[in-house]
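Here is the structure we will look at.
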Amino acid sequence: MNNKYLELKKKISEYGTIIIHRHSRPDGDAIGSQIGLKEAIKATYPYKKVYVVGDTTEKFMFLGEMDNISDDVYNQALAIVVDSGDEYLISDDRYKLARCIIKIDHHIAKSKWDCASLEIVESDEVSCASMIADIIFKLSFKLTDLGAKALFTGIVTDSGRFRYEGTNDKVFEIVAKLVKYNFNLDDVYSKIYVEDLEVVKLRASLTSKFVLSEGGVAYLMNTQEDIKNYKTDVFTISRGMVGIMSGIRGINVWANFTEDENGKVIAELRCTSKYNVNSIAVKWGGGGHKQASGATIANFDAAKAMIKDLEALLKENNDGN
Ligand code: AMP
């Protein structure tokens, strides 16, 4: 048994109040990890107070609502931050008020967090939810049907429906345990993969709009005006649409640049398995995984410079495929 898992259990058993945070503009893995862990702690230690906090993404709220808590709840609390590679990504920075902070994550770590007394980071894991499920099963924690459903949602979304690197026998073993709980798979799939007609139309528009640079990088640039015209939001058009450039023969590196509400540009970078976009994301102040990384950059001029970096990456690795 991993010593860090035992240390986590010890900390959880020591605290009466536990507050679970994750990154802002949450995806299925962020919400799934957060609610899955809350359900496991509540089921194992029914007398503890366990809260989940942060901003919301409509699509994933079928897993449960966030809690509204006052600052004083943090005084004697343990904060567990899941699925957040960098501190600036964490939604609700009151985690800093907690007596003790623990990080559980699966992104490539750039440096240690000074604030955290324990960090469990497994960057080879396909999702944070599979990591948390593994920890829960290894520690013999109890789990509820909702917890299993949340963790399953995290795994299926972050693994791209069991396709991305890191989806291995261990992940399928964990999923086999989760699906034994009482939740309906179709209920999950219909919530995450049945889309509004507007979103399908948005995907069609962007598919006909993306550009292939001279150096072979596919990209999109979405302004705030585009977001208004398409009647969509930053999450849907940035993280939600980067995938439209995937699975196209000959496109190995692609990027989706979206102006956010503050005039900054969110860069979503992706590549096929032969490449690694993470170092470019890190160079621009972001991070993530080898094949899926992101950064928030100053403007669209910076995006153009980033495209040059991505073209150089393609060139360096180009062996004619
Ligand atoms: P995941 O949260 O596992 O889906 O990680 C991939 C996603 O997180 C991508 O959309 C990245 O753009 C984003 N991401 C991960 N780490 C960072 C970071 N340090 N800064 C900005 N975006 C990030």
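All residue names refer to the structure tokens as shown: chains lettered A, B, ... in order, residues numbered from 1 in each chain, ligands numbered from 1 in order.
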Quick one: contact table of chain A to ligand 1, 8 Å max, nearest atom pair and distance in Å to one decimal per residue, counting only C-alpha atoms and all ligand atoms, chain and number order, as CSV?
```
residue,atom,partner,partner_atom_place_in_ligand_line,distance
A:Asp27,CA,ligand 1,4 (O),7.0
A:Asp29,CA,ligand 1,2 (O),6.9
A:Ala30,CA,ligand 1,2 (O),7.0
A:Asp83,CA,ligand 1,2 (O),6.3
A:Ser84,CA,ligand 1,16 (N),6.9
A:Gly85,CA,ligand 1,19 (N),5.2
A:Asp86,CA,ligand 1,19 (N),5.0
A:Leu89,CA,ligand 1,20 (N),6.8
A:His106,CA,ligand 1,3 (O),7.0
A:His107,CA,ligand 1,16 (N),6.3
A:Ile108,CA,ligand 1,16 (N),7.9
A:Val126,CA,ligand 1,3 (O),7.5
A:Ser127,CA,ligand 1,3 (O),6.1
A:Cys128,CA,ligand 1,3 (O),7.3
A:Asp158,CA,ligand 1,4 (O),5.6
A:Arg239,CA,ligand 1,10 (O),5.6
A:Ile266,CA,ligand 1,21 (C),7.9
A:Ala267,CA,ligand 1,12 (O),6.7
A:Glu268,CA,ligand 1,12 (O),4.6
A:Leu269,CA,ligand 1,12 (O),6.3
A:Ala281,CA,ligand 1,20 (N),7.4
A:Val282,CA,ligand 1,19 (N),7.4
A:Gly285,CA,ligand 1,20 (N),6.9
A:Gly286,CA,ligand 1,20 (N),3.5
A:Gly287,CA,ligand 1,19 (N),3.5
A:Gly288,CA,ligand 1,16 (N),3.4
A:His289,CA,ligand 1,6 (C),6.2
A:Ala292,CA,ligand 1,6 (C),5.1
A:Ser293,CA,ligand 1,11 (C),3.8
A:Gly294,CA,ligand 1,12 (O),2.9
A:Ala295,CA,ligand 1,21 (C),3.9
A:Thr296,CA,ligand 1,21 (C),6.1
```
Step one, run DSSP on the backbone; step two, keep only residues of segment 29-238 of chain A assigned to helix (DSSP H, G or I); then write them as JSON, numbers by chain.
{"A": [29, 30, 31, 32, 33, 34, 35, 36, 37, 38, 39, 40, 41, 42, 43, 44, 58, 59, 60, 61, 62, 63, 71, 72, 73, 74, 87, 88, 89, 93, 94, 95, 96, 97, 128, 129, 130, 131, 132, 133, 134, 135, 136, 137, 138, 145, 146, 147, 148, 149, 150, 151, 152, 153, 154, 155, 156, 157, 158, 169, 170, 171, 172, 173, 174, 175, 176, 177, 178, 185, 186, 187, 188, 189, 190, 191, 192, 193, 197, 198, 199, 200, 201, 202, 203, 204, 205, 206, 207, 208, 209, 224, 225, 226, 227, 228, 229, 234, 235, 236, 237]}
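Atom CA of Gly240 of chain A is positioned 22.2 Å from atom CA of Val53 of chain A.
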Near-Ala312 of chain A list (10 Å; only C-alpha atoms; drop same-chain fewer than 4 positions) as a VMD selection string:
chain A and resid 215 to 217 306 to 308 316 to 318
For atom CA of Ala43 of chain A and atom CA of Lys142 of chain A, quote the distance in Å rounded to one decimal.
5.5 Å
Can you list every residue in segment 72-191 of chain A that DSSP puts in strand (DSSP E), as a PyMOL selection string?
chain A and resi 78-82+100-105+118-121
Taking N, CA, C and O atoms for each residue, export the selection above as an mmCIF file, in the first residue's frame.
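And here is the file that came out, selection.cif:
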```cif
data_model
loop_
_atom_site.group_PDB
_atom_site.id
_atom_site.type_symbol
_atom_site.label_atom_id
_atom_site.label_comp_id
_atom_site.auth_asym_id
_atom_site.auth_seq_id
_atom_site.Cartn_x
_atom_site.Cartn_y
_atom_site.Cartn_z
ATOM 1 N N LEU A 78 -9.948 20.560 7.082
ATOM 2 C CA LEU A 78 -8.981 19.994 6.127
ATOM 3 C C LEU A 78 -9.520 20.323 4.734
ATOM 4 O O LEU A 78 -10.696 20.067 4.442
ATOM 5 N N ALA A 79 -8.680 20.925 3.872
ATOM 6 C CA ALA A 79 -9.098 21.161 2.478
ATOM 7 C C ALA A 79 -8.375 20.145 1.594
ATOM 8 O O ALA A 79 -7.161 19.980 1.695
ATOM 9 N N ILE A 80 -9.145 19.451 0.766
ATOM 10 C CA ILE A 80 -8.533 18.525 -0.203
ATOM 11 C C ILE A 80 -8.800 19.111 -1.585
ATOM 12 O O ILE A 80 -9.955 19.362 -1.951
ATOM 13 N N VAL A 81 -7.722 19.375 -2.323
ATOM 14 C CA VAL A 81 -7.855 19.965 -3.660
ATOM 15 C C VAL A 81 -7.623 18.863 -4.684
ATOM 16 O O VAL A 81 -6.560 18.241 -4.710
ATOM 17 N N VAL A 82 -8.637 18.611 -5.526
ATOM 18 C CA VAL A 82 -8.510 17.526 -6.515
ATOM 19 C C VAL A 82 -8.433 18.094 -7.929
ATOM 20 O O VAL A 82 -8.967 19.177 -8.209
ATOM 21 N N CYS A 100 -5.255 22.543 7.162
ATOM 22 C CA CYS A 100 -4.366 21.600 6.484
ATOM 23 C C CYS A 100 -4.856 21.455 5.041
ATOM 24 O O CYS A 100 -6.063 21.431 4.790
ATOM 25 N N ILE A 101 -3.903 21.389 4.091
ATOM 26 C CA ILE A 101 -4.278 21.295 2.668
ATOM 27 C C ILE A 101 -3.615 20.057 2.056
ATOM 28 O O ILE A 101 -2.421 19.817 2.236
ATOM 29 N N ILE A 102 -4.414 19.295 1.324
ATOM 30 C CA ILE A 102 -3.900 18.102 0.629
ATOM 31 C C ILE A 102 -4.233 18.231 -0.852
ATOM 32 O O ILE A 102 -5.338 18.644 -1.222
ATOM 33 N N LYS A 103 -3.254 17.882 -1.692
ATOM 34 C CA LYS A 103 -3.477 17.919 -3.150
ATOM 35 C C LYS A 103 -3.547 16.484 -3.685
ATOM 36 O O LYS A 103 -2.676 15.666 -3.388
ATOM 37 N N ILE A 104 -4.587 16.210 -4.497
ATOM 38 C CA ILE A 104 -4.668 14.912 -5.192
ATOM 39 C C ILE A 104 -4.858 15.229 -6.671
ATOM 40 O O ILE A 104 -5.866 15.837 -7.055
ATOM 41 N N ASP A 105 -3.889 14.851 -7.504
ATOM 42 C CA ASP A 105 -3.957 15.313 -8.899
ATOM 43 C C ASP A 105 -3.269 14.346 -9.859
ATOM 44 O O ASP A 105 -2.441 13.526 -9.455
ATOM 45 N N LEU A 118 0.446 17.440 2.163
ATOM 46 C CA LEU A 118 0.546 16.133 1.501
ATOM 47 C C LEU A 118 0.138 16.307 0.042
ATOM 48 O O LEU A 118 -0.880 16.948 -0.253
ATOM 49 N N GLU A 119 0.953 15.749 -0.862
ATOM 50 C CA GLU A 119 0.612 15.801 -2.289
ATOM 51 C C GLU A 119 0.617 14.382 -2.843
ATOM 52 O O GLU A 119 1.623 13.673 -2.730
ATOM 53 N N ILE A 120 -0.495 13.981 -3.418
ATOM 54 C CA ILE A 120 -0.539 12.674 -4.094
ATOM 55 C C ILE A 120 -0.728 12.995 -5.575
ATOM 56 O O ILE A 120 -1.810 13.420 -5.997
ATOM 57 N N VAL A 121 0.343 12.863 -6.331
ATOM 58 C CA VAL A 121 0.305 13.234 -7.752
ATOM 59 C C VAL A 121 0.731 12.030 -8.582
ATOM 60 O O VAL A 121 1.822 11.488 -8.399
#
```
Quick one: of A:Met241, A:Leu212, A:Leu97, A:Ala150, who's nearest to Gly36 of chain A, counting only C-alpha atoms?
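Ranked by minimum distance to Gly36 of chain A, first place goes to A:Ala150.
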What is the atom CA of Glu14 of chain A to atom CA of Val50 of chain A distance in Å?
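Between these atoms lies a distance of 13.1 Å.
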